[in-house]
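Content type mmCIF, C-alpha atoms and all ligand atoms, from the file model-v6.cif:
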data_start
loop_
_atom_site.label_atom_id
_atom_site.label_comp_id
_atom_site.auth_asym_id
_atom_site.auth_seq_id
_atom_site.Cartn_x
_atom_site.Cartn_y
_atom_site.Cartn_z
CA MET A 1 9.72 -11.84 16.40
CA GLU A 2 6.53 -11.95 14.35
CA LYS A 3 6.89 -13.13 10.76
CA LEU A 4 7.41 -10.40 8.15
CA ILE A 5 4.48 -9.30 6.00
CA ILE A 6 5.61 -8.11 2.59
CA THR A 7 3.23 -5.97 0.57
CA ALA A 8 3.91 -5.37 -3.12
CA ALA A 9 2.65 -2.06 -4.50
CA ILE A 10 2.85 -3.28 -8.07
CA SER A 11 1.41 -0.44 -10.13
CA GLY A 12 0.55 2.91 -8.51
CA ALA A 13 -1.15 5.71 -10.41
CA GLU A 14 1.77 8.01 -11.16
CA VAL A 15 4.57 5.70 -12.29
CA THR A 16 4.65 4.90 -16.03
CA LYS A 17 6.21 2.44 -18.46
CA GLU A 18 8.54 5.26 -19.54
CA MET A 19 9.95 5.18 -16.00
CA ASN A 20 10.13 1.37 -15.90
CA PRO A 21 8.75 -0.90 -18.66
CA ALA A 22 7.65 -3.49 -16.06
CA VAL A 23 4.84 -1.21 -14.77
CA PRO A 24 1.62 -3.14 -15.54
CA TYR A 25 -1.22 -1.65 -17.64
CA THR A 26 -3.00 -4.65 -19.21
CA ILE A 27 -4.75 -7.43 -17.31
CA GLU A 28 -2.08 -9.92 -18.37
CA GLU A 29 0.61 -7.58 -17.08
CA PHE A 30 -1.19 -7.16 -13.75
CA VAL A 31 -1.38 -10.94 -13.33
CA ARG A 32 2.29 -11.30 -14.28
CA GLU A 33 3.50 -8.62 -11.81
CA ALA A 34 1.24 -9.77 -8.97
CA GLY A 35 2.36 -13.36 -9.58
CA LEU A 36 6.08 -12.55 -9.57
CA ALA A 37 5.66 -10.57 -6.34
CA TYR A 38 3.59 -13.32 -4.72
CA GLU A 39 5.99 -16.07 -5.75
CA ALA A 40 8.90 -14.07 -4.35
CA GLY A 41 7.17 -13.74 -0.92
CA ALA A 42 4.59 -10.96 -0.99
CA SER A 43 1.33 -11.89 0.75
CA ILE A 44 -0.47 -8.60 0.02
CA ILE A 45 -0.83 -6.89 -3.35
CA HIS A 46 -1.56 -3.16 -3.03
CA LEU A 47 -3.47 -2.45 -6.21
CA HIS A 48 -4.16 0.52 -8.46
CA VAL A 49 -5.54 -0.42 -11.88
CA ARG A 50 -5.13 1.11 -15.34
CA TYR A 51 -6.79 0.87 -18.68
CA ASP A 52 -4.75 -0.97 -21.31
CA GLU A 53 -3.20 2.25 -22.59
CA GLY A 54 -2.03 3.21 -19.08
CA THR A 55 -4.61 5.69 -17.76
CA PRO A 56 -5.24 5.08 -14.03
CA THR A 57 -8.85 4.40 -13.07
CA GLN A 58 -10.86 3.52 -9.97
CA ASP A 59 -13.59 1.99 -12.11
CA LYS A 60 -15.22 -0.85 -10.21
CA GLU A 61 -15.52 -3.10 -13.24
CA ARG A 62 -11.86 -2.71 -14.17
CA PHE A 63 -10.93 -3.55 -10.57
CA ARG A 64 -13.24 -6.56 -10.65
CA VAL A 65 -11.66 -7.95 -13.80
CA VAL A 66 -8.09 -7.42 -12.61
CA MET A 67 -8.79 -8.80 -9.12
CA GLU A 68 -10.57 -11.87 -10.50
CA ALA A 69 -7.73 -12.52 -12.94
CA ILE A 70 -5.14 -12.35 -10.15
CA LYS A 71 -7.26 -14.50 -7.79
CA ALA A 72 -7.86 -17.12 -10.51
CA LYS A 73 -4.11 -17.83 -10.57
CA TYR A 74 -3.18 -16.96 -6.98
CA PRO A 75 -6.30 -17.65 -4.91
CA ASP A 76 -4.83 -17.09 -1.46
CA VAL A 77 -3.12 -13.75 -2.08
CA ILE A 78 -4.59 -10.74 -0.23
CA ILE A 79 -5.59 -7.95 -2.57
CA GLN A 80 -5.63 -4.46 -1.08
CA PRO A 81 -7.18 -1.97 -3.50
CA SER A 82 -6.20 1.68 -3.26
CA THR A 83 -8.84 4.22 -2.32
CA GLY A 84 -6.28 6.95 -2.96
CA GLY A 85 -6.56 6.50 -6.69
CA ALA A 86 -4.90 9.37 -8.54
CA VAL A 87 -4.73 13.08 -7.66
CA GLY A 88 -7.95 14.90 -8.61
CA MET A 89 -10.41 11.99 -8.37
CA THR A 90 -13.62 12.46 -6.34
CA ASP A 91 -14.30 10.59 -3.10
CA ASP A 92 -17.00 8.36 -4.58
CA GLU A 93 -14.86 7.62 -7.61
CA ARG A 94 -12.02 6.57 -5.31
CA LEU A 95 -14.25 4.37 -3.12
CA GLN A 96 -15.52 2.17 -5.96
CA PRO A 97 -13.26 -0.87 -5.34
CA THR A 98 -14.56 -1.11 -1.74
CA GLU A 99 -17.92 -2.15 -3.24
CA LEU A 100 -16.22 -5.40 -4.25
CA SER A 101 -15.75 -6.28 -0.54
CA PRO A 102 -11.98 -6.74 -0.50
CA GLU A 103 -10.34 -7.89 2.73
CA MET A 104 -8.37 -4.64 3.01
CA ALA A 105 -8.15 -1.23 1.35
CA THR A 106 -6.04 1.86 1.91
CA LEU A 107 -7.41 4.83 3.85
CA ASP A 108 -5.35 8.00 3.40
CA CYS A 109 -5.24 10.06 6.59
CA GLY A 110 -4.50 13.60 5.41
CA THR A 111 -3.90 16.09 2.63
CA LEU A 112 -0.43 16.73 1.22
CA ASN A 113 1.42 18.39 -1.61
CA PHE A 114 2.19 15.78 -4.24
CA GLY A 115 4.85 17.41 -6.42
CA GLY A 116 4.52 20.39 -8.77
CA ASP A 117 1.02 21.87 -8.50
CA ASP A 118 -0.60 18.61 -7.35
CA VAL A 119 -2.40 18.30 -4.02
CA PHE A 120 -3.61 14.91 -2.79
CA MET A 121 -6.82 15.91 -1.02
CA ASN A 122 -8.08 14.05 2.04
CA THR A 123 -10.14 16.38 4.21
CA GLU A 124 -11.31 15.32 7.65
CA ASN A 125 -14.79 14.66 6.25
CA THR A 126 -13.33 12.51 3.47
CA ILE A 127 -11.43 10.42 6.00
CA LYS A 128 -14.54 10.03 8.16
CA TYR A 129 -16.61 9.02 5.12
CA PHE A 130 -14.04 6.45 3.96
CA GLY A 131 -13.71 5.12 7.54
CA GLU A 132 -17.48 4.67 7.84
CA LYS A 133 -17.71 2.90 4.48
CA MET A 134 -14.94 0.49 5.42
CA ILE A 135 -16.59 -0.39 8.74
CA GLU A 136 -19.94 -0.86 6.93
CA ARG A 137 -18.31 -3.12 4.32
CA GLY A 138 -16.14 -5.11 6.78
CA ILE A 139 -12.86 -3.97 5.24
CA LYS A 140 -9.66 -3.59 7.29
CA PRO A 141 -8.13 -0.22 6.44
CA GLU A 142 -4.42 0.20 5.92
CA LEU A 143 -3.97 3.73 7.24
CA GLU A 144 -1.67 5.57 4.85
CA VAL A 145 0.22 8.25 6.76
CA PHE A 146 2.60 10.55 4.93
CA ASP A 147 3.40 12.67 7.99
CA LYS A 148 3.09 12.63 11.79
CA SER A 149 -0.08 14.75 11.79
CA MET A 150 -1.85 11.97 9.91
CA ILE A 151 -1.17 9.50 12.73
CA ASP A 152 -2.76 12.04 15.10
CA MET A 153 -5.76 12.37 12.76
CA ALA A 154 -6.24 8.57 12.68
CA LEU A 155 -6.08 8.36 16.47
CA ARG A 156 -8.58 11.22 16.86
CA LEU A 157 -11.01 9.65 14.40
CA GLY A 158 -10.48 6.28 16.06
CA LYS A 159 -11.73 7.75 19.34
CA LYS A 160 -14.81 9.03 17.51
CA GLY A 161 -15.55 5.58 16.08
CA TYR A 162 -14.58 6.08 12.44
CA ILE A 163 -11.61 3.69 12.57
CA LYS A 164 -11.47 0.50 14.62
CA SER A 165 -8.53 -0.69 16.73
CA PRO A 166 -6.14 -2.40 16.51
CA MET A 167 -5.10 -0.13 13.68
CA HIS A 168 -2.74 -1.05 10.87
CA PHE A 169 -0.59 1.80 9.51
CA ASP A 170 1.50 2.28 6.40
CA LEU A 171 4.27 4.80 7.07
CA VAL A 172 4.75 6.26 3.60
CA MET A 173 8.05 8.11 3.79
CA GLY A 174 9.99 10.18 1.29
CA VAL A 175 7.13 11.60 -0.81
CA ASN A 176 7.91 15.13 -1.99
CA GLY A 177 5.42 16.93 0.30
CA GLY A 178 5.40 14.42 3.16
CA ILE A 179 7.87 13.41 5.84
CA SER A 180 11.39 12.44 4.71
CA GLY A 181 12.67 8.88 4.69
CA GLU A 182 15.50 9.57 7.13
CA LEU A 183 15.95 7.11 9.98
CA ARG A 184 15.37 9.89 12.53
CA ASP A 185 11.87 10.41 11.08
CA PHE A 186 11.15 6.68 11.00
CA VAL A 187 11.94 6.47 14.73
CA PHE A 188 9.65 9.47 15.34
CA LEU A 189 6.68 8.02 13.41
CA ARG A 190 7.12 4.54 14.75
CA GLY A 191 7.27 5.87 18.31
CA SER A 192 3.99 7.75 17.74
CA LEU A 193 1.93 4.61 17.02
CA PRO A 194 -0.36 3.06 19.64
CA ALA A 195 1.06 0.01 21.41
CA ASP A 196 -1.50 -2.36 19.86
CA ALA A 197 -0.98 -1.14 16.27
CA THR A 198 0.79 -2.98 13.47
CA TYR A 199 2.64 -1.13 10.78
CA THR A 200 4.36 -1.49 7.44
CA VAL A 201 6.77 1.02 5.96
CA ALA A 202 6.85 2.21 2.35
CA GLY A 203 10.09 4.03 1.62
CA VAL A 204 9.73 6.07 -1.55
CA GLY A 205 12.58 6.23 -4.09
CA ARG A 206 16.04 5.89 -2.60
CA TYR A 207 14.59 5.23 0.86
CA GLU A 208 12.91 1.95 -0.12
CA PHE A 209 15.50 -0.52 1.15
CA SER A 210 17.03 1.43 4.05
CA LEU A 211 13.55 1.73 5.58
CA ALA A 212 12.78 -1.90 4.76
CA ALA A 213 15.86 -2.88 6.77
CA ALA A 214 14.80 -0.61 9.65
CA ALA A 215 11.32 -2.15 9.79
CA ILE A 216 12.71 -5.68 9.59
CA ILE A 217 14.97 -5.01 12.59
CA ASP A 218 12.20 -3.21 14.50
CA GLY A 219 9.59 -5.96 14.07
CA GLY A 220 7.47 -3.99 11.61
CA HIS A 221 6.44 -4.99 8.11
CA VAL A 222 7.53 -3.86 4.65
CA ARG A 223 5.97 -2.54 1.45
CA VAL A 224 7.99 -2.35 -1.76
CA GLY A 225 7.04 -2.13 -5.42
CA LEU A 226 7.20 -0.08 -8.58
CA GLU A 227 4.59 2.36 -7.19
CA ASP A 228 7.17 3.52 -4.65
CA ASN A 229 10.50 2.93 -6.40
CA VAL A 230 11.54 1.72 -9.86
CA TYR A 231 15.20 0.86 -9.08
CA ILE A 232 16.68 -2.35 -7.68
CA SER A 233 19.92 -0.49 -6.86
CA LYS A 234 21.32 2.97 -7.63
CA GLY A 235 20.67 3.69 -11.33
CA VAL A 236 19.61 0.10 -12.16
CA LEU A 237 15.94 -0.43 -13.04
CA ALA A 238 14.15 -3.32 -11.34
CA LYS A 239 13.18 -6.05 -13.81
CA SER A 240 9.91 -6.67 -11.99
CA ASN A 241 8.05 -6.23 -8.72
CA GLY A 242 9.25 -9.74 -7.96
CA GLU A 243 12.85 -8.61 -8.02
CA LEU A 244 12.09 -5.88 -5.45
CA VAL A 245 10.34 -8.40 -3.17
CA GLU A 246 13.26 -10.84 -3.53
CA LYS A 247 15.63 -8.18 -2.20
CA VAL A 248 13.46 -7.71 0.90
CA VAL A 249 13.37 -11.47 1.43
CA ARG A 250 17.19 -11.54 1.31
CA LEU A 251 17.39 -8.71 3.86
CA ALA A 252 14.89 -10.47 6.13
CA LYS A 253 16.91 -13.67 5.97
CA GLU A 254 20.05 -11.82 7.02
CA PHE A 255 18.23 -10.47 10.08
CA GLY A 256 16.47 -13.74 10.93
CA ARG A 257 12.90 -12.72 10.06
CA GLU A 258 10.79 -15.39 8.42
CA ILE A 259 8.29 -14.37 5.74
CA ALA A 260 4.54 -14.54 6.49
CA THR A 261 2.32 -16.56 4.16
CA PRO A 262 -1.08 -15.05 3.26
CA ALA A 263 -2.72 -17.21 5.97
CA GLU A 264 -0.21 -15.96 8.56
CA THR A 265 -0.71 -12.39 7.37
CA ARG A 266 -4.48 -12.74 7.87
CA LYS A 267 -3.84 -13.89 11.41
CA ILE A 268 -1.39 -11.08 12.24
CA LEU A 269 -3.72 -8.39 10.85
CA GLY A 270 -6.93 -9.95 12.11
CA LEU A 271 -8.49 -10.28 8.67
CA THR A 272 -11.70 -12.19 8.98
CA LYS A 273 -13.08 -12.57 5.45
N1 LIG A 301 -1.75 7.89 -5.97
C1 LIG A 301 -1.72 8.73 -4.82
C2 LIG A 301 -2.36 10.05 -5.13
C3 LIG A 301 -3.19 5.09 -1.85
O1 LIG A 301 -2.98 4.19 -2.66
O2 LIG A 301 -4.07 5.00 -1.00
C4 LIG A 301 -2.38 8.10 -3.65
C5 LIG A 301 -1.95 6.78 -3.25
C6 LIG A 301 -2.37 6.35 -1.90
O3 LIG A 301 -1.29 6.04 -3.97
ZN ZN A 302 -1.17 3.43 -3.68
#

Let me see whether you can do it: turn the structure in this file into C-alpha cells.
Amino acid sequence: MEKLIITAAISGAEVTKEMNPAVPYTIEEFVREAGLAYEAGASIIHLHVRYDEGTPTQDKERFRVVMEAIKAKYPDVIIQPSTGGAVGMTDDERLQPTELSPEMATLDCGTLNFGGDDVFMNTENTIKYFGEKMIERGIKPELEVFDKSMIDMALRLGKKGYIKSPMHFDLVMGVNGGISGELRDFVFLRGSLPADATYTVAGVGRYEFSLAAAAIIDGGHVRVGLEDNVYISKGVLAKSNGELVEKVVRLAKEFGREIATPAETRKILGLTK
C-alpha cells in the first residue's frame, strides 16, 4: 500500500486557546506547533494564521511571515494555506495566501451551515473563481468536501475545466452542518470518488481517530490537528499537534502503513513546485 500522508491542521480559525492552550496565535507558537507536528511525522501543514491576540486573518503579509518562519526551520515541509479562512470573509480576502504561490491550498466545494447562525458560503461561482486562480497560480487544490453533494460539484466543475485531475480530496466529516463521521458515511463518500483521485480524511471532534484508522486501512491519507479536534482521548486535552500526529503514527504502525516524507508526499500528490 502507498505510504501514509499525514496532514496537521495546526490552528484553524474557530478553535481558541480557551479550548486548548496549545492553539497557536503568535509566530513563535506557529513555528513550535508546525515543528512538533512535522517531527512527529506530518508532511503537510494545513495553515490558518492569526494575529498575536488570536484574531484569524487571511492577510497575505501575516501568511508570508508565518510561512517563512516555519520554512526557515523546516525547509522541506509542505505548507497548505487555507482559502476557507473564517466564516464571513470575502472571496478575495480568502484568496490572499494563494498570491504567495504555495504548493497546495484548500478549495472548499460547497456551502454549509457552520453551527448556530453561521453559514460557510461557497457558491458555485466562488468555487469556479478559486479553481481558476489555483490553475493560474500552479497550486494543487485540496478539495474540502463536507458532504456528498460537494464531491458531485467538484466532478462537475472538473469536467468544465475549473479543477484538474487527478483530484485530491479532503473528506471533512462530523462538522455540525455537514455529513456525520459515521463509518457508513465514510464508505459512501469514499466510494463516490473517481478512481484516479487521492484523498485524506479529517474526522472532526470524536470522529478524528476512528476515521483515521478507517483511512489507514483503506489506503487513504489522514488529517489531524487542533483545528479539527482538541482531545487526545475522551476528556483529555492534547498537549500539542505533535501528540495528535504521534497517535496516527502509532495507528499506522499497527496496520503496517509507513509514513510518507515530504518528498514522498510530493510524488504521491504530483506536486511540481
Ligand atoms: N474555517 C472554516 C470556515 C478550509 O480551511 O479551507 C473553513 C475551513 C476550511 O477551515
Ligand atoms: Zn481549515

Let me see if you get this right: every residue at most 9 Å from ligand ZN 302 (chain A), counting all atoms listed in the file, written as a PyMOL selection string.
chain A and resi 9-13+46-48+81-86+106+144+227-228

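Going from CA of Glu243 in chain A over to CA of Pro97 in chain A, you cover 27.4 Å.
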
What is the CA of Asn122 in chain A to CA of Pro141 in chain A distance in Å?
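So the answer is 14.9 Å.
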
Measuring atom to atom with only C-alpha atoms, identify which of A:Phe255, A:Tyr129, A:Phe114, A:Tyr207 is nearest to Gly178 in chain A.
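Nearest candidate to Gly178 in chain A out of A:Phe255, A:Tyr129, A:Phe114, A:Tyr207: A:Phe114.
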
Would you mind reading off the distance between CA of Gly110 in chain A and atom O2 of ligand LIG 301 (chain A), one decimal, in Å?
10.7 Å

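With distances restricted to only C-alpha atoms, A:Ser101 is the closest residue to Lys273 in chain A from A:Thr57, A:Thr26, A:Ser101, A:Asn20.
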
Could you pull out every residue with an atom within 12 Å of (-9.5, 15.3, -5.9), file coordinates, counting only C-alpha atoms, and send them as a list in words?
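The residues near that point, listed by chain and number, are Thr83, Gly84, Gly85, Ala86, Val87, Gly88, Met89, Thr90, Asp91, Asp92, Glu93, Arg94, Thr111, Leu112, Phe114, Asp118, Val119, Phe120, Met121, Asn122, Thr123 and Thr126 of chain A.
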
Hey, which of A:Pro56, A:Val65, A:Gly41, A:Arg206 ends up closest to Glu28 in chain A? Count only C-alpha atoms.
A:Val65

When you look at Ile139 in chain A with a cut-off of 10 Å (counting all atoms listed in the file), what residues show up, excluding the ones that are within fewer than 2 positions of it in the same chain? I need them as a PyMOL selection string.
chain A and resi 80+98+101-106+131+133-137+141-142+271-273

My list of candidates is A:Ser165, A:Ser43, A:Thr16, A:Thr265. Which is closest to Thr55 in chain A when distances are computed with all atoms listed in the file?
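With all atoms listed in the file as the atom set, the closest residue is A:Thr16.
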
Applying 7 Å and only C-alpha atoms, which residues near Phe146 in chain A remain after dropping the ones on its own chain fewer than 3 positions away? List them as a ChimeraX atom specification.
/A:150,171-173,178-179

For ligand LIG 301 (chain A), the closest of A:Tyr162, A:Tyr51, A:Phe169, A:Tyr199 counting all atoms listed in the file is A:Phe169

Go through A:Phe130, A:Phe209, A:Tyr74, A:Tyr38 one by one, measure the shortest atom-to-atom distance of each to ligand LIG 301 (chain A) using all atoms listed in the file, and give the residue with the smallest value.
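Closest residue, counting all atoms listed in the file: A:Phe130.
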
All file atoms of range 87-92 of chain A boxed axis-aligned, 8 Å per side, centre plus edges, as AutoDock Vina command-line options:
--center_x -10.9 --center_y 11.6 --center_z -5.9 --size_x 28.3 --size_y 22.5 --size_z 21.5

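Once all atoms listed in the file are considered, the residues situated within 10 Å of the file point (12.2, -12.3, 5.7) turn out to be Lys3, Leu4, Ile5, Ile6, Gly41, Ile216, His221, Val222, Val245, Glu246, Lys247, Val248, Val249, Arg250, Leu251, Ala252, Lys253, Glu254, Phe255, Gly256, Arg257, Glu258, Ile259 and Ala260 of chain A.
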